[in-house]
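Colleague: Here it is: the structure, laid out below.
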Amino acid sequence: METIAVYWESKIRIYGLVKQTGLSLSTLVFPIDKLAYWGRQIALLGRTGRGFEMVSLQPLAHSSMQFCLLLAENDQEILPLLEKELIDDDTVSLQTVTPVELIYLHGPHFQDRYGIAEAALAPLRRRNIAILATGCSGTSVFLVVHENMAEMAAACLTETFVI
């Protein structure tokens, strides 16, 4: 005998919603066959002692990988380390959007429940708020938006989330 339980809330309870401003989003796109090389280069960034607010890596439809790195203003000096690796390689691109803002949701048992990402993205789509990058990790959801949009996005999220 198997028991299946589904947990559902009309408004999803979260522990907190944090907004950060003055950030920079860098997106590196490279061929999937260069994953090991770029993995080593990105790992070297850790040796700089500089931090990041969010990092994500995902495959793209055309045999490429997309690496997103969200940095605080005072940590952006690590970007030249990535840029120097781009010289003479037209298969790799690096794009930076600055300033951007981050909304960070932290909730109980997000990893055990379906529909959390959709609950976060749907109200933003209804208001045509562009999402530049997202990331989910266990009990956290990260949403990167354009400058001056975090307040509006956070207000939209109260449709589906309650602290």
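Ligands are numbered from 1 in the order shown, residues from 1 within each chain, and chains are lettered A, B, ... in the order they appear in the structure tokens.
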Run DSSP on the backbone and give me the residues of stretch 5-150 of chain A it puts in strand (DSSP E), as number ranges by chain.

Modeller: A: 12-13, 16-31, 54-59, 64-72, 93-106, 131-137, 140-146

Colleague: Any idea what's packed within 10 Å of A:Thr48, counting only C-alpha atoms, ignoring anything in its chain fewer than 4 positions away? Could you give it as a ChimeraX atom specification?

Modeller: /A:43-44,75,77-78,81

Colleague: Using only C-alpha atoms for the distances, tell me which of A:Leu143, A:Ile32, A:Val97, A:Ile12 is nearest to A:Ala119.

Modeller: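 Of A:Leu143, A:Ile32, A:Val97, A:Ile12, the one nearest A:Ala119 is A:Ile12, counting only C-alpha atoms.
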
Colleague: Once DSSP has gone over the backbone, tell me which residues of stretch 19-70 of chain A are in helix (DSSP H, G or I), as a list in words.

Modeller: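 Here are the helix (DSSP H, G or I) residues of stretch 19-70 of chain A: Ile32, Asp33, Lys34, Leu35, Ala36, Tyr37, Trp38, Gly39, Arg40, Gln41, Ile42, Ala43, Leu44, Leu45, Gly46, Arg47 and Thr48 of chain A.
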
Colleague: Using the selection just defined, write its residues with all heavy atoms as a short mmCIF file (atom, residue, chain, number, x, y, z; two decimals), in the first residue's frame.

Modeller:
data_model
loop_
_atom_site.label_atom_id
_atom_site.label_comp_id
_atom_site.auth_asym_id
_atom_site.auth_seq_id
_atom_site.Cartn_x
_atom_site.Cartn_y
_atom_site.Cartn_z
N ILE A 32 29.01 23.53 -25.07
CA ILE A 32 28.97 22.51 -24.02
C ILE A 32 30.26 21.70 -23.96
O ILE A 32 30.66 21.25 -22.89
CB ILE A 32 27.73 21.60 -24.18
CG1 ILE A 32 27.43 20.87 -22.88
CG2 ILE A 32 27.89 20.66 -25.35
CD1 ILE A 32 26.06 20.26 -22.83
N ASP A 33 30.96 21.57 -25.09
CA ASP A 33 32.20 20.81 -25.06
C ASP A 33 33.34 21.55 -24.35
O ASP A 33 34.41 20.99 -24.13
CB ASP A 33 32.62 20.37 -26.47
CG ASP A 33 32.90 21.53 -27.41
OD1 ASP A 33 32.63 22.69 -27.05
OD2 ASP A 33 33.40 21.26 -28.52
N LYS A 34 33.10 22.81 -23.97
CA LYS A 34 34.09 23.58 -23.20
C LYS A 34 33.69 23.71 -21.73
O LYS A 34 34.21 24.55 -21.00
CB LYS A 34 34.28 24.96 -23.82
CG LYS A 34 34.90 24.91 -25.20
CD LYS A 34 35.18 26.30 -25.72
CE LYS A 34 35.86 26.20 -27.09
NZ LYS A 34 36.19 27.53 -27.61
N LEU A 35 32.77 22.85 -21.30
CA LEU A 35 32.27 22.92 -19.92
C LEU A 35 33.40 22.72 -18.91
O LEU A 35 33.50 23.46 -17.93
CB LEU A 35 31.16 21.89 -19.70
CG LEU A 35 30.57 21.83 -18.29
CD1 LEU A 35 29.97 23.18 -17.90
CD2 LEU A 35 29.51 20.75 -18.20
N ALA A 36 34.25 21.73 -19.10
CA ALA A 36 35.34 21.48 -18.14
C ALA A 36 36.28 22.68 -18.06
O ALA A 36 36.67 23.11 -16.96
CB ALA A 36 36.11 20.22 -18.53
N TYR A 37 36.63 23.25 -19.21
CA TYR A 37 37.51 24.41 -19.23
C TYR A 37 36.90 25.57 -18.46
O TYR A 37 37.54 26.16 -17.59
CB TYR A 37 37.82 24.84 -20.67
CG TYR A 37 38.56 26.15 -20.73
CD1 TYR A 37 39.93 26.19 -20.48
CD2 TYR A 37 37.90 27.34 -20.97
CE1 TYR A 37 40.62 27.39 -20.51
CE2 TYR A 37 38.58 28.54 -21.00
CZ TYR A 37 39.94 28.57 -20.76
OH TYR A 37 40.61 29.77 -20.76
N TRP A 38 35.64 25.91 -18.79
CA TRP A 38 35.01 27.05 -18.12
C TRP A 38 34.73 26.74 -16.65
O TRP A 38 34.75 27.65 -15.81
CB TRP A 38 33.77 27.50 -18.88
CG TRP A 38 34.17 28.33 -20.05
CD1 TRP A 38 34.17 27.96 -21.35
CD2 TRP A 38 34.71 29.64 -19.99
NE1 TRP A 38 34.68 28.98 -22.12
CE2 TRP A 38 35.01 30.02 -21.32
CE3 TRP A 38 34.97 30.55 -18.97
CZ2 TRP A 38 35.55 31.26 -21.64
CZ3 TRP A 38 35.51 31.79 -19.29
CH2 TRP A 38 35.80 32.13 -20.60
N GLY A 39 34.49 25.50 -16.32
CA GLY A 39 34.34 25.12 -14.92
C GLY A 39 35.61 25.45 -14.13
O GLY A 39 35.55 25.98 -13.02
N ARG A 40 36.76 25.15 -14.72
CA ARG A 40 38.03 25.48 -14.05
C ARG A 40 38.22 26.99 -13.94
O ARG A 40 38.65 27.49 -12.90
CB ARG A 40 39.21 24.85 -14.81
CG ARG A 40 39.33 23.34 -14.64
CD ARG A 40 40.62 22.80 -15.23
NE ARG A 40 40.74 23.05 -16.66
CZ ARG A 40 40.24 22.26 -17.62
NH1 ARG A 40 39.56 21.18 -17.29
NH2 ARG A 40 40.41 22.56 -18.90
N GLN A 41 37.88 27.72 -14.99
CA GLN A 41 38.03 29.18 -14.96
C GLN A 41 37.13 29.81 -13.91
O GLN A 41 37.54 30.71 -13.17
CB GLN A 41 37.73 29.79 -16.35
CG GLN A 41 38.64 29.33 -17.44
CD GLN A 41 40.12 29.47 -17.08
OE1 GLN A 41 40.56 30.50 -16.61
NE2 GLN A 41 40.86 28.39 -17.27
N ILE A 42 35.91 29.32 -13.84
CA ILE A 42 34.96 29.85 -12.87
C ILE A 42 35.39 29.49 -11.45
O ILE A 42 35.28 30.31 -10.53
CB ILE A 42 33.54 29.36 -13.20
CG1 ILE A 42 33.08 30.00 -14.52
CG2 ILE A 42 32.57 29.65 -12.07
CD1 ILE A 42 31.89 29.33 -15.16
N ALA A 43 35.92 28.30 -11.26
CA ALA A 43 36.42 27.89 -9.94
C ALA A 43 37.55 28.81 -9.48
O ALA A 43 37.69 29.09 -8.29
CB ALA A 43 36.89 26.44 -9.97
N LEU A 44 38.36 29.29 -10.42
CA LEU A 44 39.44 30.21 -10.07
C LEU A 44 38.92 31.53 -9.50
O LEU A 44 39.63 32.19 -8.74
CB LEU A 44 40.33 30.49 -11.29
CG LEU A 44 41.17 29.32 -11.79
CD1 LEU A 44 41.88 29.69 -13.09
CD2 LEU A 44 42.16 28.88 -10.73
N LEU A 45 37.70 31.88 -9.86
CA LEU A 45 37.12 33.12 -9.31
C LEU A 45 37.02 33.05 -7.80
O LEU A 45 37.13 34.06 -7.11
CB LEU A 45 35.74 33.38 -9.91
CG LEU A 45 35.66 33.61 -11.41
CD1 LEU A 45 34.21 33.80 -11.83
CD2 LEU A 45 36.52 34.79 -11.82
N GLY A 46 36.82 31.86 -7.27
CA GLY A 46 36.72 31.69 -5.83
C GLY A 46 38.00 32.05 -5.10
O GLY A 46 37.97 32.45 -3.94
N ARG A 47 39.11 31.95 -5.79
CA ARG A 47 40.39 32.28 -5.17
C ARG A 47 40.61 33.78 -5.02
O ARG A 47 41.55 34.21 -4.37
CB ARG A 47 41.53 31.68 -5.99
CG ARG A 47 41.50 30.18 -5.96
CD ARG A 47 42.69 29.60 -6.66
NE ARG A 47 42.57 28.15 -6.70
CZ ARG A 47 43.20 27.40 -7.55
NH1 ARG A 47 44.04 27.93 -8.42
NH2 ARG A 47 43.04 26.10 -7.54
N THR A 48 39.75 34.59 -5.64
CA THR A 48 39.89 36.04 -5.53
C THR A 48 39.42 36.55 -4.18
O THR A 48 39.72 37.67 -3.81
CB THR A 48 39.08 36.76 -6.63
OG1 THR A 48 37.69 36.54 -6.39
CG2 THR A 48 39.47 36.30 -8.02
#

Colleague: Distance atom CA of A:Asn148-atom CA of A:Glu101, one decimal place?

Modeller: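 Spanning atom CA of A:Asn148 to atom CA of A:Glu101 is a straight-line distance of 7.4 Å.
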
Colleague: Check the smallest atom-to-atom distance from each of A:Ala120, A:Leu105, A:Leu94, A:Val29 to A:Ser64 using only C-alpha atoms, then report the winner.

Modeller: A:Val29

Colleague: Contacts of A:Leu79 at 12 Å or less, counting only C-alpha atoms, minus same-chain residues fewer than 4 places along, as a PDB file with N, CA and C atoms, in the first residue's frame?

Modeller:
ATOM      1  N   SER A  24      25.040  43.466 -10.377  1.00  0.00           N
ATOM      2  CA  SER A  24      25.441  43.316 -11.770  1.00  0.00           C
ATOM      3  C   SER A  24      25.264  41.856 -12.163  1.00  0.00           C
ATOM      4  N   LEU A  25      24.586  41.616 -13.295  1.00  0.00           N
ATOM      5  CA  LEU A  25      24.351  40.255 -13.783  1.00  0.00           C
ATOM      6  C   LEU A  25      25.206  40.013 -15.015  1.00  0.00           C
ATOM      7  N   SER A  26      26.114  39.062 -14.921  1.00  0.00           N
ATOM      8  CA  SER A  26      26.945  38.672 -16.062  1.00  0.00           C
ATOM      9  C   SER A  26      26.525  37.287 -16.525  1.00  0.00           C
ATOM     10  N   THR A  27      26.347  37.157 -17.838  1.00  0.00           N
ATOM     11  CA  THR A  27      25.927  35.896 -18.436  1.00  0.00           C
ATOM     12  C   THR A  27      26.978  35.461 -19.452  1.00  0.00           C
ATOM     13  N   LEU A  28      27.537  34.294 -19.210  1.00  0.00           N
ATOM     14  CA  LEU A  28      28.559  33.710 -20.076  1.00  0.00           C
ATOM     15  C   LEU A  28      27.914  32.542 -20.823  1.00  0.00           C
ATOM     16  N   GLN A  41      37.879  27.722 -14.992  1.00  0.00           N
ATOM     17  CA  GLN A  41      38.034  29.179 -14.962  1.00  0.00           C
ATOM     18  C   GLN A  41      37.127  29.810 -13.908  1.00  0.00           C
ATOM     19  N   ILE A  42      35.911  29.324 -13.842  1.00  0.00           N
ATOM     20  CA  ILE A  42      34.960  29.851 -12.868  1.00  0.00           C
ATOM     21  C   ILE A  42      35.391  29.495 -11.452  1.00  0.00           C
ATOM     22  N   LEU A  44      38.360  29.292 -10.416  1.00  0.00           N
ATOM     23  CA  LEU A  44      39.442  30.208 -10.071  1.00  0.00           C
ATOM     24  C   LEU A  44      38.924  31.526  -9.498  1.00  0.00           C
ATOM     25  N   LEU A  45      37.701  31.884  -9.856  1.00  0.00           N
ATOM     26  CA  LEU A  45      37.119  33.117  -9.313  1.00  0.00           C
ATOM     27  C   LEU A  45      37.016  33.046  -7.795  1.00  0.00           C
ATOM     28  N   THR A  48      39.752  34.591  -5.645  1.00  0.00           N
ATOM     29  CA  THR A  48      39.895  36.039  -5.534  1.00  0.00           C
ATOM     30  C   THR A  48      39.424  36.547  -4.181  1.00  0.00           C
ATOM     31  N   ARG A  50      36.415  37.223  -3.563  1.00  0.00           N
ATOM     32  CA  ARG A  50      35.216  38.017  -3.807  1.00  0.00           C
ATOM     33  C   ARG A  50      34.008  37.088  -3.786  1.00  0.00           C
ATOM     34  N   PHE A  52      29.595  36.357  -4.378  1.00  0.00           N
ATOM     35  CA  PHE A  52      28.534  36.546  -5.348  1.00  0.00           C
ATOM     36  C   PHE A  52      27.207  36.357  -4.638  1.00  0.00           C
ATOM     37  N   LEU A  69      26.115  34.904 -13.267  1.00  0.00           N
ATOM     38  CA  LEU A  69      26.813  35.295 -12.045  1.00  0.00           C
ATOM     39  C   LEU A  69      26.284  36.662 -11.629  1.00  0.00           C
ATOM     40  N   LEU A  70      25.727  36.737 -10.425  1.00  0.00           N
ATOM     41  CA  LEU A  70      25.179  37.980  -9.897  1.00  0.00           C
ATOM     42  C   LEU A  70      26.131  38.513  -8.839  1.00  0.00           C
ATOM     43  N   LEU A  71      26.666  39.707  -9.093  1.00  0.00           N
ATOM     44  CA  LEU A  71      27.691  40.288  -8.233  1.00  0.00           C
ATOM     45  C   LEU A  71      27.220  41.592  -7.609  1.00  0.00           C
ATOM     46  N   ALA A  72      27.696  41.857  -6.398  1.00  0.00           N
ATOM     47  CA  ALA A  72      27.499  43.165  -5.781  1.00  0.00           C
ATOM     48  C   ALA A  72      28.454  44.148  -6.444  1.00  0.00           C
ATOM     49  N   GLU A  73      28.141  45.428  -6.341  1.00  0.00           N
ATOM     50  CA  GLU A  73      28.972  46.450  -6.990  1.00  0.00           C
ATOM     51  C   GLU A  73      30.442  46.362  -6.588  1.00  0.00           C
ATOM     52  N   ASN A  74      30.710  46.092  -5.325  1.00  0.00           N
ATOM     53  CA  ASN A  74      32.106  46.063  -4.862  1.00  0.00           C
ATOM     54  C   ASN A  74      32.828  44.757  -5.205  1.00  0.00           C
ATOM     55  N   ASP A  75      32.166  43.826  -5.876  1.00  0.00           N
ATOM     56  CA  ASP A  75      32.800  42.564  -6.263  1.00  0.00           C
ATOM     57  C   ASP A  75      32.989  42.434  -7.769  1.00  0.00           C
ATOM     58  N   GLU A  83      36.718  38.061 -18.705  1.00  0.00           N
ATOM     59  CA  GLU A  83      36.861  38.715 -20.010  1.00  0.00           C
ATOM     60  C   GLU A  83      38.175  38.366 -20.693  1.00  0.00           C
ATOM     61  N   LYS A  84      39.248  38.225 -19.924  1.00  0.00           N
ATOM     62  CA  LYS A  84      40.546  37.922 -20.552  1.00  0.00           C
ATOM     63  C   LYS A  84      40.537  36.540 -21.207  1.00  0.00           C
ATOM     64  N   GLU A  85      39.672  35.634 -20.746  1.00  0.00           N
ATOM     65  CA  GLU A  85      39.573  34.301 -21.339  1.00  0.00           C
ATOM     66  C   GLU A  85      38.791  34.300 -22.644  1.00  0.00           C
ATOM     67  N   LEU A  86      38.121  35.414 -22.956  1.00  0.00           N
ATOM     68  CA  LEU A  86      37.300  35.496 -24.169  1.00  0.00           C
ATOM     69  C   LEU A  86      38.104  35.905 -25.393  1.00  0.00           C
ATOM     70  N   LEU A  94      30.100  37.008 -23.438  1.00  0.00           N
ATOM     71  CA  LEU A  94      29.871  37.485 -22.082  1.00  0.00           C
ATOM     72  C   LEU A  94      29.072  38.770 -22.184  1.00  0.00           C
ATOM     73  N   GLN A  95      27.940  38.796 -21.500  1.00  0.00           N
ATOM     74  CA  GLN A  95      27.085  39.980 -21.485  1.00  0.00           C
ATOM     75  C   GLN A  95      26.851  40.373 -20.035  1.00  0.00           C
ATOM     76  N   THR A  96      26.952  41.657 -19.746  1.00  0.00           N
ATOM     77  CA  THR A  96      26.719  42.155 -18.393  1.00  0.00           C
ATOM     78  C   THR A  96      25.623  43.203 -18.416  1.00  0.00           C
TER      79      THR A  96
END

Colleague: My list of candidates is A:Val144, A:Met65, A:Ile129, A:Met1. Which is closest to A:Glu53 when distances are computed with only C-alpha atoms?

Modeller: A:Val144

Colleague: My list of candidates is A:Ala133, A:Thr91, A:Leu57, A:Gly107. Which is closest to A:His146 when distances are computed with only C-alpha atoms?

Modeller: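 Of A:Ala133, A:Thr91, A:Leu57, A:Gly107, the one nearest A:His146, counting only C-alpha atoms, is A:Ala133.
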
Colleague: What's around A:Thr158 at 10 Å? Count only C-alpha atoms, leave out sequence neighbours fewer than 5 positions away in its own chain, and write the answer as a list in words.

Modeller: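 Listed by chain and then number, they are Lys11, Ile12, Leu17, Ala120, Pro123, Ala153 and Ile163 of chain A.
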
Colleague: Between atom CA of A:Gly49 and atom CA of A:Pro80, what is the distance, to one decimal in Å?

Modeller: 14.8 Å

Colleague: Have a look at A:Cys136, A:Ala150, A:Leu124, A:Val162 and name the one nearest to A:Arg13; count only C-alpha atoms.

Modeller: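 Between A:Cys136, A:Ala150, A:Leu124, A:Val162, the residue approaching A:Arg13 most closely is A:Val162.
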
Colleague: Suppose you want the space between atom CA of A:Leu60 and atom CA of A:Ile131; what is it in Å?

Modeller: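 Between atom CA of A:Leu60 and atom CA of A:Ile131 the gap is 16.9 Å.
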